[in-house]
There are 2 protein chains.
Amino acid sequence: MSDRTKKRLPFLEDTSHPHSKFYHRKEVPAGTVLIREGEIAKKAFLIEKGCIRAWVNNNGRDITFQFFFENEAVSSSESFRKNIPSLFTIETVEPCILHWIYKKDLETVVEDVSKLPNLKSKAIISVFERQYQYMRQLISFVIDTPEQRYLKLLLEKPHIIRRVPLQYIATYLGVTPVSLSRIRKRVSTM
Amino acid sequence: MSDRTKKRLPFLEDTSHPHSKFYHRKEVPAGTVLIREGEIAKKAFLIEKGCIRAWVNNNGRDITFQFFFENEAVSSSESFRKNIPSLFTIETVEPCILHWIYKKDLETVVEDVSKLPNLKSKAIISVFERQYQYMRQLISFVIDTPEQRYLKLLLEKPHIIRRVPLQYIATYLGVTPVSLSRIRKRVSTM
DNA sequence: TAAAGTTCTTATCCTATGTTAATTTTAATA
DNA sequence: TATTAAAATTAACATAGGATAAGAACTTTA
């Protein structure tokens, strides 16, 4: 019997350790949804044991774009930081032992960042922003075709189309310049 | 004449402002390399004016995976943080006005993170780590075929292959389960 | 062990992209 | 403005991947 086909375990008692770094600990079965797409994340998780995936719904099919394993931290960081709906669902793939902390308990971290001297604060915030952009770009690669990525770029970031040579945009979209040229022709005659 | 086809400007004098957030300011022509793939980043940049791309060399061809514009911060953050060779080149697409700070001047930021209480430090470091993973995954999408991504996964993260059902791995690689099944067959008979 | 359900594989057909090369268009330089 | 160079488009061909459906293999449950 492989790890992932073990019988789903019942929830165990909460075995909180008030002095540990993460305050809550629980075993959950495979297939447990920790954060659901569209909801606002209230917890951040640390995986003691098990495997988790992050996925987005694309026309009714779930598209996985990230896996997490032991000793990795997992949360929908933009949702968590900004109180906005999560772009994706976080779900266990195997039965897991998880630690988590509630947003309110972690909030001091986020607040303190903004209290740092200006430059430091800016530096850390820019890392968060960059991460968010990378994630969105990655999700676009797993759910969209090159043509869809081009159309999104045209709609969402027209300044890139205007200011950047086609050859660079092509590779950015994951295709050759020749193919992007064909896509543009196809799109313009629609 | 479009922005990007303006004549390349000569380097101007350094107009440092000791009391500004970023200490150095310079105009550079289009096509200027700010950080070269394989070198260790010593500076972080802020774009006052212009456009920058990040690209990786793939068999002699450059593959762009990110653009940066006005008021965005740019650096090879892993190279910067860990003194390791940069995975990519950072190059101006248009003539740019840039501000930068040297690593040694910013080092207090990074150091201070590690002096934060344990949990805060861990949280911020995990954001850096996550960003690095997103970036690598993104680069893999722009430079590799699905088959190459599968082979890399097999080599670099065999635990994912072992522990995760094929249907999830397929979408993670950007293909359908049917296609991944074909790829596995193709690969196993080589 | 048998039955049912799920996951994975295989087959067919179609289409979009890669590759290479030639041509046209646009931009840079004298 | 003329010349040259670079970038973008187009054409032709080969191929990998998407969609759908059917079959095989594997798991779970009774």
# chains A, B, ... in the order shown; residues from 1 in each chain; ligands from 1
call {"tool": "select_by_dssp", "arguments": {"residues": "stretch 2-190 of chain B", "states": "helix (DSSP H, G or I)", "output": "ChimeraX atom specification"}}
result
/B:3-5,77-82,103-115,118-143,146-156,158-163,166-173,177-188
call {"tool": "residues_around", "arguments": {"residues": "B:Lys82", "least_positions_apart": "3", "cutoff": "12 Å", "atoms": "only C-alpha atoms (C1' of nucleotides)", "output": "PyMOL selection string"}}
result
chain B and resi 40-42+76-79+85-86+103+107+110-111+125+128-129+132
call {"tool": "closest_residue", "arguments": {"among": "A:Pro165, A:Glu156, A:Ser188, A:Lys43", "to": "D:DA7", "atoms": "only C-alpha atoms (C1' of nucleotides)"}}
result
A:Pro165
call {"tool": "residues_around", "arguments": {"residues": "C:DT6", "least_positions_apart": "3", "cutoff": "10 Å", "atoms": "only C-alpha atoms (C1' of nucleotides)", "output": "tab-separated table (two decimals) with N, CA and C atoms (P, O5', C5', C4', C3', O3' and C1' of nucleotides), in the first residue's frame"}}
result
chain	number	residue	atom	x	y	z
D	26	DC	P	-0.85	-3.43	-12.56
D	26	DC	O5'	-1.54	-2.55	-11.42
D	26	DC	C5'	-1.57	-1.13	-11.57
D	26	DC	C4'	-2.59	-0.55	-10.64
D	26	DC	C3'	-2.54	-1.12	-9.21
D	26	DC	O3'	-2.32	-0.05	-8.32
D	26	DC	C1'	-4.76	-0.99	-10.02
D	27	DT	P	-2.01	-0.33	-6.77
D	27	DT	O5'	-3.14	0.50	-6.05
D	27	DT	C5'	-4.44	0.43	-6.56
D	27	DT	C4'	-5.39	1.31	-5.77
D	27	DT	C3'	-5.47	0.98	-4.29
D	27	DT	O3'	-5.91	2.13	-3.58
D	27	DT	C1'	-7.40	0.17	-5.43
D	28	DT	P	-6.09	2.09	-1.99
D	28	DT	O5'	-7.66	1.85	-1.84
D	28	DT	C5'	-8.55	2.77	-2.47
D	28	DT	C4'	-9.97	2.26	-2.33
D	28	DT	C3'	-10.38	1.87	-0.91
D	28	DT	O3'	-11.56	2.59	-0.58
D	28	DT	C1'	-10.93	0.14	-2.45
call {"tool": "closest_atom_pairs", "arguments": {"of": "chain D", "to": "stretch 179-183 of chain A", "cutoff": "9 Å", "atoms": "only C-alpha atoms (C1' of nucleotides)", "output": "tab-separated table"}}
result
residue	atom	partner	partner_atom	distance
D:DA8	C1'	A:Ser181	CA	7.4
D:DT9	C1'	A:Ser181	CA	6.8
D:DT10	C1'	A:Arg182	CA	8.9
call {"tool": "write_last_selection", "arguments": {"atoms": "C-alpha atoms (C1' of nucleotides)", "output": "PDB file, in the first residue's frame"}}
result
ATOM      1  C1'  DA D   8       9.198  40.411 -38.273  1.00  0.00           C
ATOM      2  C1'  DT D   9       6.444  37.752 -41.417  1.00  0.00           C
ATOM      3  C1'  DT D  10       5.342  33.988 -44.345  1.00  0.00           C
TER       4       DT D  10
END
call {"tool": "residues_around", "arguments": {"residues": "A:Arg130", "least_positions_apart": "3", "cutoff": "10 Å", "atoms": "only C-alpha atoms (C1' of nucleotides)", "output": "ChimeraX atom specification"}}
result
/A:124-127,133-136 /B:72-74,131,135
call {"tool": "write_last_selection", "arguments": {"atoms": "N, CA and C atoms", "output": "CSV table (one decimal), in the first residue's frame"}}
result
chain,number,residue,atom,x,y,z
A,124,ILE,N,11.6,44.1,1.4
A,124,ILE,CA,10.8,42.9,1.7
A,124,ILE,C,9.5,42.9,1.0
A,125,ILE,N,8.8,44.0,1.0
A,125,ILE,CA,7.5,44.1,0.3
A,125,ILE,C,7.7,43.8,-1.2
A,126,SER,N,8.8,44.2,-1.8
A,126,SER,CA,9.0,44.0,-3.2
A,126,SER,C,9.3,42.5,-3.4
A,127,VAL,N,9.8,41.8,-2.5
A,127,VAL,CA,10.0,40.4,-2.6
A,127,VAL,C,8.6,39.7,-2.6
A,133,GLN,N,3.9,37.8,-8.6
A,133,GLN,CA,3.9,37.9,-10.1
A,133,GLN,C,4.4,36.6,-10.7
A,134,TYR,N,5.5,36.0,-10.1
A,134,TYR,CA,6.0,34.7,-10.6
A,134,TYR,C,4.9,33.7,-10.5
A,135,MET,N,4.2,33.7,-9.4
A,135,MET,CA,3.1,32.7,-9.2
A,135,MET,C,2.1,32.8,-10.3
A,136,ARG,N,1.6,34.0,-10.5
A,136,ARG,CA,0.6,34.2,-11.5
A,136,ARG,C,1.0,33.8,-12.9
B,72,GLU,N,9.9,49.6,-10.3
B,72,GLU,CA,10.0,48.2,-9.8
B,72,GLU,C,11.5,48.0,-9.4
B,73,ALA,N,11.7,47.1,-8.4
B,73,ALA,CA,13.0,46.7,-8.0
B,73,ALA,C,13.4,45.5,-8.7
B,74,VAL,N,14.7,45.5,-9.1
B,74,VAL,CA,15.3,44.4,-9.9
B,74,VAL,C,16.6,43.9,-9.3
B,131,GLN,N,9.8,31.9,-3.5
B,131,GLN,CA,10.0,32.8,-4.7
B,131,GLN,C,11.1,32.1,-5.6
B,135,MET,N,10.4,30.8,-9.4
B,135,MET,CA,11.2,31.3,-10.5
B,135,MET,C,11.8,30.2,-11.3
call {"tool": "residues_around", "arguments": {"residues": "D:DA19", "least_positions_apart": "5", "cutoff": "12 Å", "atoms": "only C-alpha atoms (C1' of nucleotides)", "output": "PyMOL selection string"}}
result
(chain B and resi 176-179) or (chain C and resi 12-15)
call {"tool": "closest_residue", "arguments": {"among": "A:Ala54, A:Ala44, A:Ile84, A:Val175", "to": "chain C", "atoms": "only C-alpha atoms (C1' of nucleotides)"}}
result
A:Val175
call {"tool": "interface_residues", "arguments": {"of": "chain D", "to": "chain B", "cutoff": "12 Å", "atoms": "only C-alpha atoms (C1' of nucleotides)", "output": "list of chain:residue names"}}
result
D:DA6, D:DA16, D:DG17, D:DG18, D:DA19, D:DT20
call {"tool": "write_last_selection", "arguments": {"atoms": "N, CA and C atoms (P, O5', C5', C4', C3', O3' and C1' of nucleotides)", "output": "PDB file, in the first residue's frame"}}
result
ATOM      1  P    DA D   6      23.221  43.352 -37.632  1.00  0.00           P
ATOM      2  O5'  DA D   6      21.699  43.458 -37.175  1.00  0.00           O
ATOM      3  C5'  DA D   6      21.236  44.664 -36.570  1.00  0.00           C
ATOM      4  C4'  DA D   6      19.730  44.600 -36.450  1.00  0.00           C
ATOM      5  C3'  DA D   6      19.212  43.312 -35.800  1.00  0.00           C
ATOM      6  O3'  DA D   6      18.396  43.697 -34.714  1.00  0.00           O
ATOM      7  C1'  DA D   6      18.075  43.752 -37.854  1.00  0.00           C
ATOM      8  P    DA D  16       7.772  14.060 -31.695  1.00  0.00           P
ATOM      9  O5'  DA D  16       7.335  14.870 -30.415  1.00  0.00           O
ATOM     10  C5'  DA D  16       7.683  16.256 -30.299  1.00  0.00           C
ATOM     11  C4'  DA D  16       6.562  16.994 -29.605  1.00  0.00           C
ATOM     12  C3'  DA D  16       5.936  16.222 -28.447  1.00  0.00           C
ATOM     13  O3'  DA D  16       5.638  17.139 -27.410  1.00  0.00           O
ATOM     14  C1'  DA D  16       4.282  16.693 -30.081  1.00  0.00           C
ATOM     15  P    DG D  17       5.066  16.632 -26.024  1.00  0.00           P
ATOM     16  O5'  DG D  17       3.561  17.139 -26.075  1.00  0.00           O
ATOM     17  C5'  DG D  17       3.324  18.537 -26.185  1.00  0.00           C
ATOM     18  C4'  DG D  17       1.850  18.773 -26.464  1.00  0.00           C
ATOM     19  C3'  DG D  17       0.914  18.153 -25.432  1.00  0.00           C
ATOM     20  O3'  DG D  17      -0.029  19.148 -25.039  1.00  0.00           O
ATOM     21  C1'  DG D  17       0.310  17.461 -27.617  1.00  0.00           C
ATOM     22  P    DG D  18      -1.196  18.853 -24.005  1.00  0.00           P
ATOM     23  O5'  DG D  18      -2.482  18.933 -24.941  1.00  0.00           O
ATOM     24  C5'  DG D  18      -2.849  20.188 -25.517  1.00  0.00           C
ATOM     25  C4'  DG D  18      -4.231  20.076 -26.123  1.00  0.00           C
ATOM     26  C3'  DG D  18      -5.295  19.498 -25.190  1.00  0.00           C
ATOM     27  O3'  DG D  18      -6.531  20.184 -25.402  1.00  0.00           O
ATOM     28  C1'  DG D  18      -5.055  18.090 -27.088  1.00  0.00           C
ATOM     29  P    DA D  19      -7.792  19.808 -24.483  1.00  0.00           P
ATOM     30  O5'  DA D  19      -8.619  18.774 -25.360  1.00  0.00           O
ATOM     31  C5'  DA D  19      -9.050  19.153 -26.653  1.00  0.00           C
ATOM     32  C4'  DA D  19      -9.938  18.056 -27.220  1.00  0.00           C
ATOM     33  C3'  DA D  19     -10.870  17.409 -26.190  1.00  0.00           C
ATOM     34  O3'  DA D  19     -12.180  17.352 -26.728  1.00  0.00           O
ATOM     35  C1'  DA D  19      -9.534  15.744 -27.264  1.00  0.00           C
ATOM     36  P    DT D  20     -13.408  16.909 -25.780  1.00  0.00           P
ATOM     37  O5'  DT D  20     -13.672  15.399 -26.207  1.00  0.00           O
ATOM     38  C5'  DT D  20     -13.640  15.059 -27.591  1.00  0.00           C
ATOM     39  C4'  DT D  20     -13.565  13.558 -27.747  1.00  0.00           C
ATOM     40  C3'  DT D  20     -14.357  12.768 -26.698  1.00  0.00           C
ATOM     41  O3'  DT D  20     -15.337  11.996 -27.361  1.00  0.00           O
ATOM     42  C1'  DT D  20     -12.202  11.837 -27.061  1.00  0.00           C
TER      43       DT D  20
END
call {"tool": "atom_distance", "arguments": {"atom1": "atom CA of B:Ile97", "atom2": "atom CA of B:Lys26"}}
result
5.7 Å
call {"tool": "atom_distance", "arguments": {"atom1": "atom CA of A:Glu48", "atom2": "atom CA of B:Tyr150"}}
result
26.8 Å
call {"tool": "residues_around", "arguments": {"residues": "B:Gly174", "least_positions_apart": "5", "cutoff": "10 Å", "atoms": "only C-alpha atoms (C1' of nucleotides)", "output": "PyMOL selection string"}}
result
(chain A and resi 63-65+138-145) or (chain B and resi 141+145-146+149+169+179-180)
call {"tool": "closest_atom_pairs", "arguments": {"of": "chain C", "to": "chain A", "cutoff": "9 Å", "atoms": "only C-alpha atoms (C1' of nucleotides)", "output": "tab-separated table"}}
result
residue	atom	partner	partner_atom	distance
C:DA16	C1'	A:Ser179	CA	9.0
C:DT17	C1'	A:Ser179	CA	6.5
C:DG18	C1'	A:Thr176	CA	7.8
